[in-house]
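model18.pdb (PDB, C-alpha atoms) appears below.
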ATOM      1  CA  MET A   1     118.016 -21.729 -18.929
ATOM      2  CA  ASN A   2     115.331 -23.890 -20.560
ATOM      3  CA  THR A   3     113.830 -24.409 -17.125
ATOM      4  CA  GLN A   4     113.590 -20.650 -16.543
ATOM      5  CA  VAL A   5     111.964 -20.060 -19.942
ATOM      6  CA  MET A   6     109.491 -22.880 -19.325
ATOM      7  CA  ARG A   7     108.687 -21.498 -15.852
ATOM      8  CA  LEU A   8     108.094 -18.029 -17.316
ATOM      9  CA  LEU A   9     105.863 -19.342 -20.072
ATOM     10  CA  SER A  10     104.001 -21.515 -17.595
ATOM     11  CA  GLY A  11     103.413 -18.485 -15.349
ATOM     12  CA  VAL A  12     102.100 -16.453 -18.269
ATOM     13  CA  SER A  13      99.837 -19.340 -19.248
ATOM     14  CA  VAL A  14      98.483 -19.778 -15.714
ATOM     15  CA  HIS A  15      97.903 -16.053 -15.355
ATOM     16  CA  GLY A  16      96.131 -15.880 -18.720
ATOM     17  CA  ASP A  17      93.990 -18.902 -17.837
ATOM     18  CA  GLN A  18      92.978 -17.262 -14.537
ATOM     19  CA  HIS A  19      91.844 -14.095 -16.282
ATOM     20  CA  LEU A  20      89.974 -16.000 -18.984
ATOM     21  CA  ALA A  21      88.272 -18.237 -16.395
ATOM     22  CA  GLU A  22      87.109 -15.131 -14.536
ATOM     23  CA  VAL A  23      85.750 -13.579 -17.731
ATOM     24  CA  GLU A  24      83.940 -16.843 -18.522
ATOM     25  CA  ARG A  25      82.470 -16.996 -14.989
ATOM     26  CA  ASP A  26      81.318 -13.387 -15.251
ATOM     27  CA  LEU A  27      79.649 -14.025 -18.614
ATOM     28  CA  VAL A  28      77.749 -17.018 -17.212
ATOM     29  CA  GLN A  29      76.703 -14.975 -14.167
ATOM     30  CA  MET A  30      75.567 -12.109 -16.405
ATOM     31  CA  ASP A  31      73.523 -14.514 -18.532
ATOM     32  CA  VAL A  32      71.742 -15.820 -15.409
ATOM     33  CA  LEU A  33      71.046 -12.288 -14.168
ATOM     34  CA  LEU A  34      69.695 -11.150 -17.524
ATOM     35  CA  ASP A  35      67.488 -14.238 -17.831
ATOM     36  CA  GLU A  36      66.051 -13.709 -14.349
ATOM     37  CA  ALA A  37      65.531  -9.987 -14.923
ATOM     38  CA  ILE A  38      63.707 -10.548 -18.210
ATOM     39  CA  LYS A  39      61.434 -13.185 -16.657
ATOM     40  CA  LYS A  40      60.729 -10.907 -13.689
ATOM     41  CA  LEU A  41      59.911  -7.963 -15.952
ATOM     42  CA  CYS A  42      57.636 -10.022 -18.215
ATOM     43  CA  THR A  43      55.771 -11.548 -15.270
ATOM     44  CA  ASN A  44      55.215  -8.202 -13.580
ATOM     45  CA  PHE A  45      54.214  -6.315 -16.708
ATOM     46  CA  MET A  46      51.658  -9.015 -17.522
ATOM     47  CA  ALA A  47      50.357  -8.841 -13.919
ATOM     48  CA  ILE A  48      50.054  -5.050 -14.254
ATOM     49  CA  HIS A  49      48.139  -5.494 -17.507
ATOM     50  CA  HIS A  50      45.676  -7.938 -15.883
ATOM     51  CA  ALA A  51      45.215  -5.742 -12.806
ATOM     52  CA  VAL A  52      44.514  -2.691 -14.987
ATOM     53  CA  ASP A  53      41.926  -4.751 -16.932
ATOM     54  CA  ARG A  54      40.224  -5.745 -13.653
ATOM     55  CA  GLN A  55      40.346  -2.126 -12.496
ATOM     56  CA  GLN A  56      38.688  -1.022 -15.731
ATOM     57  CA  GLU A  57      35.970  -3.667 -15.254
ATOM     58  CA  ALA A  58      35.347  -2.327 -11.753
ATOM     59  CA  LEU A  59      35.096   1.239 -13.077
ATOM     60  CA  ASN A  60      32.696   0.122 -15.799
ATOM     61  CA  GLY A  61      30.561  -1.640 -13.158
ATOM     62  CA  LEU A  62      30.596   1.474 -10.982
ATOM     63  CA  LEU A  63      29.464   3.597 -13.912
ATOM     64  CA  ALA A  64      26.728   1.088 -14.774
ATOM     65  CA  GLY A  65      25.551   1.163 -11.140
ATOM     66  CA  SER A  66      25.236  -2.615 -10.798
ATOM     67  CA  MET A  67      26.784  -2.726  -7.276
ATOM     68  CA  PRO A  68      27.011  -0.277  -4.380
ATOM     69  CA  ALA A  69      29.696   2.388  -4.864
ATOM     70  CA  SER A  70      31.458   1.452  -1.600
ATOM     71  CA  GLU A  71      32.123  -2.083  -2.877
ATOM     72  CA  TYR A  72      33.585  -0.728  -6.109
ATOM     73  CA  ALA A  73      35.668   1.848  -4.249
ATOM     74  CA  ALA A  74      37.191  -0.894  -2.055
ATOM     75  CA  ARG A  75      37.820  -3.085  -5.085
ATOM     76  CA  ILE A  76      39.458  -0.231  -7.018
ATOM     77  CA  GLU A  77      41.621   0.660  -4.005
ATOM     78  CA  ALA A  78      42.762  -2.973  -3.650
ATOM     79  CA  LEU A  79      43.613  -3.112  -7.351
ATOM     80  CA  ARG A  80      45.549   0.168  -7.065
ATOM     81  CA  GLY A  81      47.662  -1.409  -4.307
ATOM     82  CA  GLU A  82      48.190  -4.552  -6.382
ATOM     83  CA  ILE A  83      49.286  -2.500  -9.388
ATOM     84  CA  GLY A  84      51.715  -0.574  -7.171
ATOM     85  CA  GLN A  85      53.261  -3.831  -5.937
ATOM     86  CA  HIS A  86      53.698  -5.142  -9.485
ATOM     87  CA  VAL A  87      55.242  -1.869 -10.661
ATOM     88  CA  GLY A  88      57.650  -1.966  -7.702
ATOM     89  CA  ALA A  89      58.623  -5.553  -8.515
ATOM     90  CA  ALA A  90      59.139  -4.658 -12.184
ATOM     91  CA  VAL A  91      61.365  -1.727 -11.251
ATOM     92  CA  THR A  92      63.337  -4.018  -8.944
ATOM     93  CA  GLY A  93      63.852  -6.255 -11.983
ATOM     94  CA  LEU A  94      65.720  -3.371 -13.573
ATOM     95  CA  GLN A  95      68.501  -3.770 -10.977
ATOM     96  CA  PHE A  96      70.202  -6.105 -13.417
ATOM     97  CA  GLN A  97      71.703  -3.046 -15.114
ATOM     98  CA  ASP A  98      73.854  -2.224 -12.080
ATOM     99  CA  MET A  99      74.946  -5.824 -11.567
ATOM    100  CA  THR A 100      75.777  -6.361 -15.232
ATOM    101  CA  SER A 101      77.724  -3.083 -15.278
ATOM    102  CA  GLN A 102      79.838  -4.396 -12.410
ATOM    103  CA  LEU A 103      80.424  -7.681 -14.223
ATOM    104  CA  ILE A 104      81.358  -5.921 -17.457
ATOM    105  CA  GLY A 105      83.790  -3.754 -15.485
ATOM    106  CA  ARG A 106      85.399  -6.880 -14.014
ATOM    107  CA  MET A 107      85.746  -8.437 -17.457
ATOM    108  CA  VAL A 108      87.400  -5.273 -18.772
ATOM    109  CA  GLN A 109      89.858  -5.402 -15.843
ATOM    110  CA  HIS A 110      90.700  -9.042 -16.562
ATOM    111  CA  LEU A 111      91.268  -8.348 -20.232
ATOM    112  CA  ALA A 112      93.449  -5.363 -19.288
ATOM    113  CA  GLY A 113      95.379  -7.711 -16.972
ATOM    114  CA  LEU A 114      96.043 -10.036 -19.878
ATOM    115  CA  ARG A 115      97.139  -7.108 -22.019
ATOM    116  CA  ASP A 116      99.527  -5.999 -19.238
ATOM    117  CA  VAL A 117     101.074  -9.460 -18.960
ATOM    118  CA  PHE A 118     101.583  -9.713 -22.687
ATOM    119  CA  GLY A 119     102.880  -6.142 -22.645
ATOM    120  CA  ALA A 120     105.493  -7.136 -20.058
ATOM    121  CA  LEU A 121     106.677  -9.829 -22.442
ATOM    122  CA  ASP A 122     106.587  -7.537 -25.462
ATOM    123  CA  THR A 123     108.579  -4.672 -23.933
ATOM    124  CA  ASN A 124     111.519  -6.998 -23.416
ATOM    125  CA  ALA A 125     111.451  -8.821 -26.748
ATOM    126  CA  ALA A 126     113.900  -6.452 -28.405
ATOM    127  CA  ALA A 127     116.171  -6.345 -25.344
ATOM    128  CA  LEU A 128     117.083 -10.037 -25.233
ATOM    129  CA  PRO A 129     120.857 -10.325 -24.953
ATOM    130  CA  GLU A 130     122.556 -12.044 -27.839
ATOM    131  CA  SER A 131     125.005 -13.904 -25.634
ATOM    132  CA  GLY A 132     125.553 -14.648 -21.998
ATOM    133  CA  ASN A 133     123.240 -17.044 -20.273
ATOM    134  CA  GLU A 134     123.442 -15.120 -17.010
ATOM    135  CA  ALA A 135     122.184 -11.901 -18.607
ATOM    136  CA  LEU A 136     119.356 -13.806 -20.285
ATOM    137  CA  LEU A 137     118.455 -15.550 -17.018
ATOM    138  CA  ALA A 138     118.418 -12.210 -15.197
ATOM    139  CA  LEU A 139     116.166 -10.719 -17.872
ATOM    140  CA  LEU A 140     113.797 -13.708 -17.751
ATOM    141  CA  GLY A 141     113.710 -13.461 -13.962
ATOM    142  CA  ASP A 142     112.791  -9.772 -14.210
ATOM    143  CA  ILE A 143     109.999 -10.528 -16.696
ATOM    144  CA  GLY A 144     108.785 -13.363 -14.470
ATOM    145  CA  ASN A 145     108.681 -11.041 -11.463
ATOM    146  CA  ARG A 146     106.632  -8.456 -13.367
ATOM    147  CA  VAL A 147     104.200 -11.129 -14.554
ATOM    148  CA  GLY A 148     103.940 -12.407 -10.963
ATOM    149  CA  VAL A 149     103.181  -8.935  -9.608
ATOM    150  CA  ARG A 150     100.461  -8.427 -12.198
ATOM    151  CA  SER A 151      98.883 -11.794 -11.448
ATOM    152  CA  SER A 152      98.190 -11.050  -7.780
ATOM    153  CA  GLY A 153      94.583 -10.162  -7.048
ATOM    154  CA  VAL A 154      93.041 -11.751 -10.119
ATOM    155  CA  ARG A 155      89.798 -12.739  -8.379
ATOM    156  CA  SER A 156      87.386 -10.044  -7.218
ATOM    157  CA  THR A 157      83.752 -11.043  -7.143
ATOM    158  CA  VAL A 158      80.380  -9.481  -7.677
ATOM    159  CA  ASN A 159      78.515 -11.148  -4.828
ATOM    160  CA  GLN A 160      75.008 -10.974  -6.242
ATOM    161  CA  ARG A 161      74.283 -14.196  -8.136
ATOM    162  CA  HIS A 162      70.507 -13.884  -8.640
ATOM    163  CA  MET A 163      67.960 -11.109  -8.764
ATOM    164  CA  GLU A 164      66.296 -12.255  -5.520
ATOM    165  CA  SER A 165      69.446 -11.912  -3.421
ATOM    166  CA  GLY A 166      69.353  -8.132  -3.626
ATOM    167  CA  ASP A 167      65.697  -7.220  -4.118
ATOM    168  CA  ILE A 168      64.726  -3.839  -2.812
ATOM    169  CA  GLU A 169      61.296  -2.338  -2.382
ATOM    170  CA  LEU A 170      61.052   0.989  -4.128
ATOM    171  CA  PHE A 171      57.318   1.516  -3.652
TER     172      PHE A 171
END

Turn this file's structure into structure tokens for me.
Amino acid sequence: MNTQVMRLLSGVSVHGDQHLAEVERDLVQMDVLLDEAIKKLCTNFMAIHHAVDRQQEALNGLLAGSMPASEYAARIEALRGEIGQHVGAAVTGLQFQDMTSQLIGRMVQHLAGLRDVFGALDTNAAALPESGNEALLALLGDIGNRVGVRSSGVRSTVNQRHMESGDIELF
């Protein structure tokens, strides 16, 4: 009987460790995604700021009449395209919200899995037979089976590890 109890407790421990390892992995992955997204947003917003400054300088030069209008028009058009690219890249940086939502959902599922395993143990705590090793062994076997069923399919991944692996062009 001690062997069966130890096997059950070991199974619960392994299952709990699997869920906690997955939650830890998801938190690390989310940290990387958030870091990359913030860097991408900062870089692109600063690039937009600089391009808008250069566009304003070109407009001021056009108004002052220091160069032919066609040169300024071409310069302004090029800057408009550059600004559009930076805005598109910044918006792409906002994809982290979808990826982090997926990771948070996975973590919630893993924590629910742990709750289910502990719930399987708790629902039988009051029903332990007072005597009869065979009845106790049967009960422990039943609990072990339920823990085993709940432990299948622990790993389900969010494939995107970095912002670059799923970039999309919106503009």

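With all atoms listed in the file as the atoms that count, the residue of A:Ala90, A:Ala73, A:Leu8, A:Val14 with the shortest distance to Lys39 (chain A) is A:Ala90.
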
Quiz prompt | Computed interatomic separation between CA of Met107 (chain A) and CA of Ala37 (chain A) (Å) | solution =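 Distance between the two atoms: 20.4 Å.
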
Selection in question (the file shown): the PyMOL selection byres ((chain A and resi 83) around 10). Which residues does it include, as a short mmCIF file (atom, residue, chain, number, x, y, z; two decimals) with C-alpha atoms, in the frame of the given file?
data_model
loop_
_atom_site.label_atom_id
_atom_site.label_comp_id
_atom_site.auth_asym_id
_atom_site.auth_seq_id
_atom_site.Cartn_x
_atom_site.Cartn_y
_atom_site.Cartn_z
CA ASN A 44 55.22 -8.20 -13.58
CA PHE A 45 54.21 -6.32 -16.71
CA ALA A 47 50.36 -8.84 -13.92
CA ILE A 48 50.05 -5.05 -14.25
CA HIS A 49 48.14 -5.49 -17.51
CA HIS A 50 45.68 -7.94 -15.88
CA ALA A 51 45.22 -5.74 -12.81
CA VAL A 52 44.51 -2.69 -14.99
CA GLN A 55 40.35 -2.13 -12.50
CA GLU A 77 41.62 0.66 -4.00
CA ALA A 78 42.76 -2.97 -3.65
CA LEU A 79 43.61 -3.11 -7.35
CA ARG A 80 45.55 0.17 -7.06
CA GLY A 81 47.66 -1.41 -4.31
CA GLU A 82 48.19 -4.55 -6.38
CA GLY A 84 51.72 -0.57 -7.17
CA GLN A 85 53.26 -3.83 -5.94
CA HIS A 86 53.70 -5.14 -9.48
CA VAL A 87 55.24 -1.87 -10.66
CA GLY A 88 57.65 -1.97 -7.70
CA ALA A 89 58.62 -5.55 -8.52
#

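With CA of Thr3 (chain A) on one side and CA of Leu136 (chain A) on the other, the separation reads 12.4 Å.
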
Identify, on the basis of all atoms listed in the file, every residue whose closest approach to region 68-71 of chain A does not exceed 10 Å; exclude the query and any residue fewer than 6 positions from it along the same chain; express the result as a compact mmCIF listing (two decimals) with C-alpha atoms, keeping the file's coordinate frame.
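The new file result-v7.txt reads:
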# COMPACT_ATOMS: atom_id res chain seq x y z
CA ALA A 58 35.35 -2.33 -11.75
CA LEU A 59 35.10 1.24 -13.08
CA GLY A 61 30.56 -1.64 -13.16
CA LEU A 62 30.60 1.47 -10.98
CA GLU A 77 41.62 0.66 -4.00

Practice problem: Enter the distance from CA of Val91 (chain A) to CA of Asp31 (chain A), in Å, rounded to one decimal. | Solution: 19.1 Å

Practice problem: Would you list the contacts of His19 (chain A) as a list of chain:residue names, taking every protein, DNA or RNA residue within 9 Å and counting all atoms listed in the file, but skipping same-chain residues closer than 2 positions in sequence? | Solution: A:Val14, A:His15, A:Gly16, A:Asp17, A:Ala21, A:Glu22, A:Val23, A:Glu24, A:Met107, A:Gln109, A:His110, A:Leu111, A:Gly113, A:Leu114, A:Ser151, A:Val154, A:Arg155

Exercise. Find, counting all atoms listed in the file, the residue in A:Thr92, A:Val32, A:Ala135, A:Ile143 that gets nearest to Asp116 (chain A).
Key: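 The closest residue to Asp116 (chain A) is A:Ile143.
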
How would region 71-98 of chain A look with N, CA and C atoms restored, written as a PDB file, in the frame of the given file?
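Below you can see part-v8.pdb, which holds the result:
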ATOM      1  N   GLU A  71      31.468  -0.827  -2.470  1.00  0.00           N
ATOM      2  CA  GLU A  71      32.123  -2.083  -2.877  1.00  0.00           C
ATOM      3  C   GLU A  71      33.111  -1.846  -4.018  1.00  0.00           C
ATOM      4  N   TYR A  72      32.695  -1.033  -4.987  1.00  0.00           N
ATOM      5  CA  TYR A  72      33.585  -0.728  -6.109  1.00  0.00           C
ATOM      6  C   TYR A  72      34.789   0.089  -5.658  1.00  0.00           C
ATOM      7  N   ALA A  73      34.562   1.025  -4.747  1.00  0.00           N
ATOM      8  CA  ALA A  73      35.668   1.848  -4.249  1.00  0.00           C
ATOM      9  C   ALA A  73      36.706   0.968  -3.554  1.00  0.00           C
ATOM     10  N   ALA A  74      36.266   0.013  -2.744  1.00  0.00           N
ATOM     11  CA  ALA A  74      37.191  -0.894  -2.055  1.00  0.00           C
ATOM     12  C   ALA A  74      37.930  -1.770  -3.065  1.00  0.00           C
ATOM     13  N   ARG A  75      37.206  -2.238  -4.058  1.00  0.00           N
ATOM     14  CA  ARG A  75      37.820  -3.085  -5.085  1.00  0.00           C
ATOM     15  C   ARG A  75      38.866  -2.296  -5.885  1.00  0.00           C
ATOM     16  N   ILE A  76      38.523  -1.079  -6.254  1.00  0.00           N
ATOM     17  CA  ILE A  76      39.458  -0.231  -7.018  1.00  0.00           C
ATOM     18  C   ILE A  76      40.685   0.090  -6.179  1.00  0.00           C
ATOM     19  N   GLU A  77      40.492   0.364  -4.899  1.00  0.00           N
ATOM     20  CA  GLU A  77      41.621   0.660  -4.005  1.00  0.00           C
ATOM     21  C   GLU A  77      42.539  -0.556  -3.875  1.00  0.00           C
ATOM     22  N   ALA A  78      41.958  -1.754  -3.744  1.00  0.00           N
ATOM     23  CA  ALA A  78      42.762  -2.973  -3.650  1.00  0.00           C
ATOM     24  C   ALA A  78      43.557  -3.191  -4.941  1.00  0.00           C
ATOM     25  N   LEU A  79      42.927  -2.954  -6.074  1.00  0.00           N
ATOM     26  CA  LEU A  79      43.613  -3.112  -7.351  1.00  0.00           C
ATOM     27  C   LEU A  79      44.726  -2.076  -7.515  1.00  0.00           C
ATOM     28  N   ARG A  80      44.509  -0.855  -7.010  1.00  0.00           N
ATOM     29  CA  ARG A  80      45.549   0.168  -7.065  1.00  0.00           C
ATOM     30  C   ARG A  80      46.777  -0.288  -6.279  1.00  0.00           C
ATOM     31  N   GLY A  81      46.545  -0.881  -5.107  1.00  0.00           N
ATOM     32  CA  GLY A  81      47.662  -1.409  -4.307  1.00  0.00           C
ATOM     33  C   GLY A  81      48.378  -2.551  -5.020  1.00  0.00           C
ATOM     34  N   GLU A  82      47.607  -3.428  -5.643  1.00  0.00           N
ATOM     35  CA  GLU A  82      48.190  -4.552  -6.382  1.00  0.00           C
ATOM     36  C   GLU A  82      49.037  -4.054  -7.551  1.00  0.00           C
ATOM     37  N   ILE A  83      48.531  -3.075  -8.263  1.00  0.00           N
ATOM     38  CA  ILE A  83      49.286  -2.500  -9.388  1.00  0.00           C
ATOM     39  C   ILE A  83      50.582  -1.884  -8.878  1.00  0.00           C
ATOM     40  N   GLY A  84      50.516  -1.177  -7.763  1.00  0.00           N
ATOM     41  CA  GLY A  84      51.715  -0.574  -7.171  1.00  0.00           C
ATOM     42  C   GLY A  84      52.763  -1.617  -6.818  1.00  0.00           C
ATOM     43  N   GLN A  85      52.323  -2.754  -6.274  1.00  0.00           N
ATOM     44  CA  GLN A  85      53.261  -3.831  -5.937  1.00  0.00           C
ATOM     45  C   GLN A  85      53.922  -4.397  -7.196  1.00  0.00           C
ATOM     46  N   HIS A  86      53.139  -4.597  -8.242  1.00  0.00           N
ATOM     47  CA  HIS A  86      53.698  -5.142  -9.485  1.00  0.00           C
ATOM     48  C   HIS A  86      54.665  -4.156 -10.143  1.00  0.00           C
ATOM     49  N   VAL A  87      54.331  -2.873 -10.095  1.00  0.00           N
ATOM     50  CA  VAL A  87      55.242  -1.869 -10.661  1.00  0.00           C
ATOM     51  C   VAL A  87      56.545  -1.857  -9.867  1.00  0.00           C
ATOM     52  N   GLY A  88      56.442  -1.924  -8.536  1.00  0.00           N
ATOM     53  CA  GLY A  88      57.650  -1.966  -7.702  1.00  0.00           C
ATOM     54  C   GLY A  88      58.512  -3.180  -8.013  1.00  0.00           C
ATOM     55  N   ALA A  89      57.875  -4.334  -8.189  1.00  0.00           N
ATOM     56  CA  ALA A  89      58.623  -5.553  -8.515  1.00  0.00           C
ATOM     57  C   ALA A  89      59.265  -5.450  -9.894  1.00  0.00           C
ATOM     58  N   ALA A  90      58.565  -4.827 -10.845  1.00  0.00           N
ATOM     59  CA  ALA A  90      59.139  -4.658 -12.184  1.00  0.00           C
ATOM     60  C   ALA A  90      60.346  -3.724 -12.142  1.00  0.00           C
ATOM     61  N   VAL A  91      60.244  -2.657 -11.369  1.00  0.00           N
ATOM     62  CA  VAL A  91      61.365  -1.727 -11.251  1.00  0.00           C
ATOM     63  C   VAL A  91      62.549  -2.422 -10.585  1.00  0.00           C
ATOM     64  N   THR A  92      62.270  -3.250  -9.591  1.00  0.00           N
ATOM     65  CA  THR A  92      63.337  -4.018  -8.944  1.00  0.00           C
ATOM     66  C   THR A  92      64.030  -4.911  -9.965  1.00  0.00           C
ATOM     67  N   GLY A  93      63.270  -5.433 -10.926  1.00  0.00           N
ATOM     68  CA  GLY A  93      63.852  -6.255 -11.983  1.00  0.00           C
ATOM     69  C   GLY A  93      64.851  -5.491 -12.828  1.00  0.00           C
ATOM     70  N   LEU A  94      64.782  -4.181 -12.807  1.00  0.00           N
ATOM     71  CA  LEU A  94      65.720  -3.371 -13.573  1.00  0.00           C
ATOM     72  C   LEU A  94      67.079  -3.247 -12.883  1.00  0.00           C
ATOM     73  N   GLN A  95      67.216  -3.798 -11.680  1.00  0.00           N
ATOM     74  CA  GLN A  95      68.501  -3.770 -10.977  1.00  0.00           C
ATOM     75  C   GLN A  95      69.594  -4.494 -11.755  1.00  0.00           C
ATOM     76  N   PHE A  96      69.195  -5.344 -12.679  1.00  0.00           N
ATOM     77  CA  PHE A  96      70.202  -6.105 -13.417  1.00  0.00           C
ATOM     78  C   PHE A  96      71.199  -5.183 -14.100  1.00  0.00           C
ATOM     79  N   GLN A  97      70.794  -3.969 -14.424  1.00  0.00           N
ATOM     80  CA  GLN A  97      71.703  -3.046 -15.114  1.00  0.00           C
ATOM     81  C   GLN A  97      72.922  -2.754 -14.258  1.00  0.00           C
ATOM     82  N   ASP A  98      72.729  -2.512 -12.968  1.00  0.00           N
ATOM     83  CA  ASP A  98      73.854  -2.224 -12.080  1.00  0.00           C
ATOM     84  C   ASP A  98      74.761  -3.447 -11.935  1.00  0.00           C
TER      85      ASP A  98
END
